[in-house]
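Novice: The structure that follows is given in the form of structure tokens.
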Amino acid sequence: MAERFEQKFELASPIEIVWAFLTDPYQIVGCLPGAAITKKVDERTYEGAITMKVGLVSASYSGKVTFENIDPVRHELQLVGIGQDIKGKGSAEMKMVGRLRTTADRKTEVVVNSEVQITGLFAQMGRGMIDNVADQMLRQFTATLKQKMDVTRIKYSQIVKTHAESFAKIYGHKLAEVESLSGIKVGPDGSNSASSPNDVVKYLGAVKQIAGDMIYNSAKIILKSAAQKESVPLNEI
């Protein structure tokens, strides 16, 4: 019999950062204790493994996860995971729908509806025990994800600074205009208030309007390289 769960939590990061992380299977797995990706089958299918513990009983599963739908407009994703106990003592199947929305205070609300079906030892332990495990995994996942979000927000400021530091030396008299065009403060030393992929795009737009295409194209290369080095998502620029 399938068990259904609804879980809801908020993150302080902008929705585009949260969406980029939650549609990246490697980032998701990095937030789940005992989980690992072992193979990329195609753009939407991944093989992996996870170890789960319920009370004194633990089990390791191997299987695959498929992103069945990714809707960047509605910020909704659907995935299905199927796994087999590596000792042959049971199986697990999960269908999950995740939805994101921006709250009134510009945070991101995450709502996850999942349907889980388990056979074997875990299935004999009852709904209460499985609920406790699901809650524990969610707390661990959310805590790790929040930590990643906090670090990532800081990194966007560092990424913009890789270009803004030299830009401010030449166009220091235009920094007020940069803020007016982009909504991002940039100091004489390149320090800035960027905290998301959209902020990087806005900064680039201001650079283009102020300094022209040549400086803009150079800035794109610098910022893309910095984002790759920091391993954070960046909108197409």
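Chain labels run A, B, ... following the order of the structure tokens; each chain numbers its residues from 1, and ligands are numbered from 1 in the order shown.
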List the neighbours of A:Cys31 out to 7 Å using only C-alpha atoms; skip same-chain residues closer than 4 positions along the sequence, and give me the result as a ChimeraX atom specification.

Specialist: /A:27,141,144-145

Novice: Which residues come within 10 Å of stretch 15-24 of chain A, counting only C-alpha atoms, excluding same-chain residues fewer than 3 positions away, as a PyMOL selection string?

Specialist: chain A and resi 11-12+27-29+44+67+70-72+75-78+98-103+106-110+145-146+148-149+152-153+195-198+232-235

Novice: Those residues with N, CA and C atoms, as an mmCIF file, in the first residue's frame please?

Specialist:
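Contents of the output file again_35.cif:
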data_model
loop_
_atom_site.group_PDB
_atom_site.id
_atom_site.type_symbol
_atom_site.label_atom_id
_atom_site.label_comp_id
_atom_site.auth_asym_id
_atom_site.auth_seq_id
_atom_site.Cartn_x
_atom_site.Cartn_y
_atom_site.Cartn_z
ATOM 1 N N LEU A 11 12.771 28.763 2.018
ATOM 2 C CA LEU A 11 14.189 29.078 1.888
ATOM 3 C C LEU A 11 14.327 30.578 1.632
ATOM 4 N N ALA A 12 15.387 31.179 2.159
ATOM 5 C CA ALA A 12 15.574 32.624 2.015
ATOM 6 C C ALA A 12 16.058 33.019 0.629
ATOM 7 N N GLN A 27 23.049 18.057 -7.141
ATOM 8 C CA GLN A 27 22.856 18.928 -5.983
ATOM 9 C C GLN A 27 21.872 18.296 -4.998
ATOM 10 N N ILE A 28 20.802 17.691 -5.524
ATOM 11 C CA ILE A 28 19.826 17.041 -4.655
ATOM 12 C C ILE A 28 20.484 15.917 -3.858
ATOM 13 N N VAL A 29 21.223 15.069 -4.550
ATOM 14 C CA VAL A 29 21.875 13.943 -3.886
ATOM 15 C C VAL A 29 22.870 14.432 -2.837
ATOM 16 N N ARG A 44 17.621 13.026 -18.347
ATOM 17 C CA ARG A 44 16.598 13.028 -17.300
ATOM 18 C C ARG A 44 16.591 11.774 -16.437
ATOM 19 N N PHE A 67 13.418 12.225 -14.117
ATOM 20 C CA PHE A 67 12.657 13.468 -14.098
ATOM 21 C C PHE A 67 11.620 13.379 -15.219
ATOM 22 N N ILE A 70 9.691 18.699 -16.146
ATOM 23 C CA ILE A 70 10.354 19.865 -15.568
ATOM 24 C C ILE A 70 9.740 21.098 -16.224
ATOM 25 N N ASP A 71 8.989 21.866 -15.455
ATOM 26 C CA ASP A 71 8.279 23.034 -15.981
ATOM 27 C C ASP A 71 8.881 24.302 -15.373
ATOM 28 N N PRO A 72 9.808 24.974 -16.075
ATOM 29 C CA PRO A 72 10.471 26.157 -15.524
ATOM 30 C C PRO A 72 9.562 27.379 -15.418
ATOM 31 N N HIS A 75 7.529 26.448 -12.313
ATOM 32 C CA HIS A 75 8.438 25.991 -11.263
ATOM 33 C C HIS A 75 7.888 24.718 -10.595
ATOM 34 N N GLU A 76 7.637 23.748 -11.444
ATOM 35 C CA GLU A 76 7.102 22.468 -10.980
ATOM 36 C C GLU A 76 7.905 21.334 -11.607
ATOM 37 N N LEU A 77 8.207 20.328 -10.815
ATOM 38 C CA LEU A 77 8.916 19.162 -11.352
ATOM 39 C C LEU A 77 8.273 17.884 -10.820
ATOM 40 N N GLN A 78 8.363 16.843 -11.638
ATOM 41 C CA GLN A 78 7.840 15.536 -11.256
ATOM 42 C C GLN A 78 8.931 14.503 -11.503
ATOM 43 N N GLY A 98 7.187 18.381 -6.947
ATOM 44 C CA GLY A 98 7.689 19.530 -6.196
ATOM 45 C C GLY A 98 7.246 20.823 -6.849
ATOM 46 N N ARG A 99 6.806 21.765 -6.038
ATOM 47 C CA ARG A 99 6.356 23.064 -6.552
ATOM 48 C C ARG A 99 7.020 24.179 -5.751
ATOM 49 N N LEU A 100 7.438 25.216 -6.470
ATOM 50 C CA LEU A 100 8.052 26.377 -5.829
ATOM 51 C C LEU A 100 7.194 27.607 -6.077
ATOM 52 N N ARG A 101 7.191 28.519 -5.108
ATOM 53 C CA ARG A 101 6.560 29.810 -5.335
ATOM 54 C C ARG A 101 7.281 30.865 -4.523
ATOM 55 N N THR A 102 7.260 32.091 -5.033
ATOM 56 C CA THR A 102 7.863 33.212 -4.324
ATOM 57 C C THR A 102 6.864 33.769 -3.323
ATOM 58 N N THR A 103 7.296 33.942 -2.090
ATOM 59 C CA THR A 103 6.418 34.468 -1.045
ATOM 60 C C THR A 103 6.411 35.995 -1.080
ATOM 61 N N ARG A 106 9.650 37.663 -0.584
ATOM 62 C CA ARG A 106 10.646 37.287 -1.585
ATOM 63 C C ARG A 106 11.485 36.070 -1.173
ATOM 64 N N LYS A 107 10.939 35.248 -0.292
ATOM 65 C CA LYS A 107 11.554 33.956 -0.025
ATOM 66 C C LYS A 107 10.960 32.936 -0.991
ATOM 67 N N THR A 108 11.415 31.704 -0.902
ATOM 68 C CA THR A 108 10.890 30.650 -1.779
ATOM 69 C C THR A 108 10.238 29.570 -0.940
ATOM 70 N N GLU A 109 8.971 29.310 -1.202
ATOM 71 C CA GLU A 109 8.269 28.221 -0.532
ATOM 72 C C GLU A 109 8.382 26.963 -1.396
ATOM 73 N N VAL A 110 8.734 25.874 -0.768
ATOM 74 C CA VAL A 110 8.856 24.587 -1.453
ATOM 75 C C VAL A 110 7.790 23.646 -0.893
ATOM 76 N N LEU A 145 20.423 21.981 2.384
ATOM 77 C CA LEU A 145 20.053 22.844 1.269
ATOM 78 C C LEU A 145 20.134 24.318 1.674
ATOM 79 N N LYS A 146 19.645 24.655 2.865
ATOM 80 C CA LYS A 146 19.722 26.042 3.340
ATOM 81 C C LYS A 146 21.165 26.504 3.439
ATOM 82 N N LYS A 148 23.686 25.383 1.685
ATOM 83 C CA LYS A 148 24.167 25.579 0.317
ATOM 84 C C LYS A 148 23.647 26.894 -0.263
ATOM 85 N N MET A 149 22.372 27.215 0.029
ATOM 86 C CA MET A 149 21.786 28.459 -0.472
ATOM 87 C C MET A 149 22.513 29.678 0.084
ATOM 88 N N THR A 152 25.821 29.996 -1.575
ATOM 89 C CA THR A 152 25.661 30.373 -2.976
ATOM 90 C C THR A 152 25.364 31.861 -3.130
ATOM 91 N N ARG A 153 24.508 32.416 -2.249
ATOM 92 C CA ARG A 153 24.191 33.840 -2.341
ATOM 93 C C ARG A 153 25.454 34.683 -2.225
ATOM 94 N N SER A 195 23.198 38.811 -5.353
ATOM 95 C CA SER A 195 22.954 37.605 -4.546
ATOM 96 C C SER A 195 22.214 36.515 -5.311
ATOM 97 N N SER A 196 22.102 36.657 -6.651
ATOM 98 C CA SER A 196 21.358 35.659 -7.423
ATOM 99 C C SER A 196 21.818 35.682 -8.880
ATOM 100 N N PRO A 197 21.445 34.654 -9.663
ATOM 101 C CA PRO A 197 21.764 34.659 -11.094
ATOM 102 C C PRO A 197 21.153 35.865 -11.818
ATOM 103 N N ASN A 198 19.948 36.258 -11.434
ATOM 104 C CA ASN A 198 19.325 37.419 -12.073
ATOM 105 C C ASN A 198 20.113 38.693 -11.826
ATOM 106 N N VAL A 232 28.364 27.233 -9.310
ATOM 107 C CA VAL A 232 27.023 27.702 -8.977
ATOM 108 C C VAL A 232 26.249 27.930 -10.275
ATOM 109 N N PRO A 233 24.919 27.756 -10.237
ATOM 110 C CA PRO A 233 24.118 27.946 -11.462
ATOM 111 C C PRO A 233 24.106 29.397 -11.890
ATOM 112 N N LEU A 234 24.101 29.609 -13.215
ATOM 113 C CA LEU A 234 24.069 30.958 -13.768
ATOM 114 C C LEU A 234 23.123 30.948 -14.969
ATOM 115 N N ASN A 235 22.213 31.917 -15.008
ATOM 116 C CA ASN A 235 21.300 32.005 -16.145
ATOM 117 C C ASN A 235 22.074 32.154 -17.440
#

Novice: For A:Ala219, which residue among A:Glu10, A:Gly205, A:His163, A:Val200 is the nearest when counting only C-alpha atoms?

Specialist: A:His163

Novice: Write out as a ChimeraX atom specification each polymer residue whose atoms come within 10 Å of A:Tyr46, counting only C-alpha atoms; drop sequence neighbours fewer than 4 positions from it.

Specialist: /A:25-26,37-42,63-67,81

Novice: So which one's closest to A:Gly190, A:Val80, A:Met125, A:Val178, A:Val111? Using only C-alpha atoms, please.

Specialist: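 Closest to A:Gly190, using only C-alpha atoms: A:Val178.
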
Novice: Can you pull out every residue within 10 Å of A:Ser166, counting only C-alpha atoms, but drop anything in the same chain fewer than 4 positions away, and send it as a ChimeraX atom specification?

Specialist: /A:161-162,170-172,188-190

Novice: Grab the atom CA of A:Pro14 to atom CA of A:Ala104 distance for me, in Å with one decimal place.

Specialist: 11.8 Å

Novice: Per residue of stretch 92-141 of chain A within 12 Å of stretch 58-61 of chain A, what are the shortest atom pair and its distance in Å to one decimal, counting only C-alpha atoms, with rows by chain and residue number, as a tab-separated table?

Specialist:
residue	atom	partner	partner_atom	distance
A:Ala92	CA	A:Tyr61	CA	8.0
A:Glu93	CA	A:Tyr61	CA	10.6
A:Ile118	CA	A:Tyr61	CA	11.3
A:Thr119	CA	A:Ala59	CA	11.7
A:Gly120	CA	A:Ala59	CA	10.0
A:Leu121	CA	A:Ala59	CA	8.8
A:Phe122	CA	A:Ala59	CA	8.6
A:Ala123	CA	A:Ala59	CA	12.0
A:Val133	CA	A:Ser58	CA	11.3

Novice: As a list in words, please: all residues of stretch 71-126 of chain A that backbone DSSP puts in helix (DSSP H, G or I).

Specialist: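 Of stretch 71-126 of chain A, the ones in helix (DSSP H, G or I) are Phe122, Ala123, Gln124 and Met125 of chain A.
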
Novice: Within 8 Å of A:Lys185, counting only C-alpha atoms, which residues qualify if same-chain residues fewer than 3 places away don't, as a ChimeraX atom specification?

Specialist: /A:175-176,178-179,192-194

Novice: Expressed in Å to a single decimal, how great is the separation between atom CA of A:Ser157 and atom CA of A:Gln209?

Specialist: 20.5 Å

Novice: Quick one, how far is atom CA of A:Glu165 from atom CA of A:Ser191?

Specialist: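 So the answer is 7.3 Å.
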
Novice: Would you please give, as a PDB file with N, CA and C atoms, in the first residue's frame, all residues of stretch 7-61 of chain A that DSSP assigns to strand (DSSP E or B) based on the backbone?

Specialist:
ATOM      1  N   GLN A   7       5.101  17.764   2.358  1.00  0.00           N
ATOM      2  CA  GLN A   7       6.104  18.470   3.156  1.00  0.00           C
ATOM      3  C   GLN A   7       6.258  19.878   2.589  1.00  0.00           C
ATOM      4  N   LYS A   8       6.412  20.837   3.502  1.00  0.00           N
ATOM      5  CA  LYS A   8       6.491  22.242   3.079  1.00  0.00           C
ATOM      6  C   LYS A   8       7.569  22.950   3.898  1.00  0.00           C
ATOM      7  N   PHE A   9       8.395  23.757   3.222  1.00  0.00           N
ATOM      8  CA  PHE A   9       9.390  24.544   3.940  1.00  0.00           C
ATOM      9  C   PHE A   9       9.743  25.779   3.114  1.00  0.00           C
ATOM     10  N   GLU A  10      10.381  26.749   3.766  1.00  0.00           N
ATOM     11  CA  GLU A  10      10.771  27.996   3.103  1.00  0.00           C
ATOM     12  C   GLU A  10      12.283  28.140   3.088  1.00  0.00           C
ATOM     13  N   LEU A  11      12.771  28.763   2.018  1.00  0.00           N
ATOM     14  CA  LEU A  11      14.189  29.078   1.888  1.00  0.00           C
ATOM     15  C   LEU A  11      14.327  30.578   1.632  1.00  0.00           C
ATOM     16  N   ALA A  35      23.156   9.001   0.098  1.00  0.00           N
ATOM     17  CA  ALA A  35      22.760   8.870  -1.305  1.00  0.00           C
ATOM     18  C   ALA A  35      23.921   9.202  -2.230  1.00  0.00           C
ATOM     19  N   ALA A  36      23.918   8.585  -3.417  1.00  0.00           N
ATOM     20  CA  ALA A  36      24.970   8.846  -4.405  1.00  0.00           C
ATOM     21  C   ALA A  36      24.449   8.527  -5.801  1.00  0.00           C
ATOM     22  N   ILE A  37      24.903   9.294  -6.781  1.00  0.00           N
ATOM     23  CA  ILE A  37      24.624   8.986  -8.186  1.00  0.00           C
ATOM     24  C   ILE A  37      25.778   8.152  -8.721  1.00  0.00           C
ATOM     25  N   THR A  38      25.442   7.039  -9.359  1.00  0.00           N
ATOM     26  CA  THR A  38      26.481   6.155  -9.886  1.00  0.00           C
ATOM     27  C   THR A  38      26.620   6.236 -11.404  1.00  0.00           C
ATOM     28  N   LYS A  39      25.560   6.712 -12.089  1.00  0.00           N
ATOM     29  CA  LYS A  39      25.618   6.761 -13.552  1.00  0.00           C
ATOM     30  C   LYS A  39      24.550   7.701 -14.099  1.00  0.00           C
ATOM     31  N   LYS A  40      24.916   8.472 -15.109  1.00  0.00           N
ATOM     32  CA  LYS A  40      23.943   9.287 -15.838  1.00  0.00           C
ATOM     33  C   LYS A  40      23.527   8.517 -17.083  1.00  0.00           C
ATOM     34  N   VAL A  41      22.247   8.150 -17.147  1.00  0.00           N
ATOM     35  CA  VAL A  41      21.745   7.373 -18.287  1.00  0.00           C
ATOM     36  C   VAL A  41      21.441   8.289 -19.467  1.00  0.00           C
ATOM     37  N   ASP A  42      20.704   9.358 -19.198  1.00  0.00           N
ATOM     38  CA  ASP A  42      20.435  10.391 -20.198  1.00  0.00           C
ATOM     39  C   ASP A  42      20.162  11.693 -19.460  1.00  0.00           C
ATOM     40  N   THR A  45      17.505  10.849 -16.701  1.00  0.00           N
ATOM     41  CA  THR A  45      17.504   9.579 -15.968  1.00  0.00           C
ATOM     42  C   THR A  45      18.880   9.320 -15.366  1.00  0.00           C
ATOM     43  N   TYR A  46      18.887   8.948 -14.088  1.00  0.00           N
ATOM     44  CA  TYR A  46      20.144   8.726 -13.373  1.00  0.00           C
ATOM     45  C   TYR A  46      20.033   7.462 -12.527  1.00  0.00           C
ATOM     46  N   GLU A  47      21.106   6.689 -12.511  1.00  0.00           N
ATOM     47  CA  GLU A  47      21.179   5.531 -11.631  1.00  0.00           C
ATOM     48  C   GLU A  47      21.921   5.926 -10.365  1.00  0.00           C
ATOM     49  N   GLY A  48      21.532   5.303  -9.258  1.00  0.00           N
ATOM     50  CA  GLY A  48      22.175   5.667  -8.002  1.00  0.00           C
ATOM     51  C   GLY A  48      21.889   4.676  -6.900  1.00  0.00           C
ATOM     52  N   ALA A  49      22.257   5.071  -5.678  1.00  0.00           N
ATOM     53  CA  ALA A  49      22.076   4.211  -4.512  1.00  0.00           C
ATOM     54  C   ALA A  49      21.805   5.072  -3.296  1.00  0.00           C
ATOM     55  N   ILE A  50      21.094   4.498  -2.334  1.00  0.00           N
ATOM     56  CA  ILE A  50      20.834   5.202  -1.076  1.00  0.00           C
ATOM     57  C   ILE A  50      20.709   4.185   0.046  1.00  0.00           C
ATOM     58  N   THR A  51      21.219   4.549   1.205  1.00  0.00           N
ATOM     59  CA  THR A  51      21.095   3.718   2.396  1.00  0.00           C
ATOM     60  C   THR A  51      20.160   4.421   3.376  1.00  0.00           C
ATOM     61  N   MET A  52      19.163   3.695   3.858  1.00  0.00           N
ATOM     62  CA  MET A  52      18.187   4.245   4.783  1.00  0.00           C
ATOM     63  C   MET A  52      18.187   3.426   6.067  1.00  0.00           C
ATOM     64  N   LYS A  53      17.843   4.104   7.174  1.00  0.00           N
ATOM     65  CA  LYS A  53      17.819   3.417   8.465  1.00  0.00           C
ATOM     66  C   LYS A  53      16.505   3.718   9.169  1.00  0.00           C
ATOM     67  N   VAL A  54      15.827   2.685   9.625  1.00  0.00           N
ATOM     68  CA  VAL A  54      14.599   2.809  10.403  1.00  0.00           C
ATOM     69  C   VAL A  54      14.823   2.068  11.717  1.00  0.00           C
ATOM     70  N   VAL A  57      17.187  -1.024  12.028  1.00  0.00           N
ATOM     71  CA  VAL A  57      17.252  -1.713  10.734  1.00  0.00           C
ATOM     72  C   VAL A  57      17.688  -0.742   9.639  1.00  0.00           C
ATOM     73  N   SER A  58      18.647  -1.156   8.849  1.00  0.00           N
ATOM     74  CA  SER A  58      19.088  -0.338   7.721  1.00  0.00           C
ATOM     75  C   SER A  58      19.027  -1.166   6.449  1.00  0.00           C
ATOM     76  N   ALA A  59      18.852  -0.471   5.342  1.00  0.00           N
ATOM     77  CA  ALA A  59      18.808  -1.156   4.043  1.00  0.00           C
ATOM     78  C   ALA A  59      19.399  -0.247   2.987  1.00  0.00           C
ATOM     79  N   SER A  60      20.062  -0.857   2.025  1.00  0.00           N
ATOM     80  CA  SER A  60      20.652  -0.108   0.910  1.00  0.00           C
ATOM     81  C   SER A  60      19.920  -0.474  -0.371  1.00  0.00           C
ATOM     82  N   TYR A  61      19.552   0.545  -1.132  1.00  0.00           N
ATOM     83  CA  TYR A  61      18.822   0.345  -2.371  1.00  0.00           C
ATOM     84  C   TYR A  61      19.641   0.861  -3.557  1.00  0.00           C
TER      85      TYR A  61
END
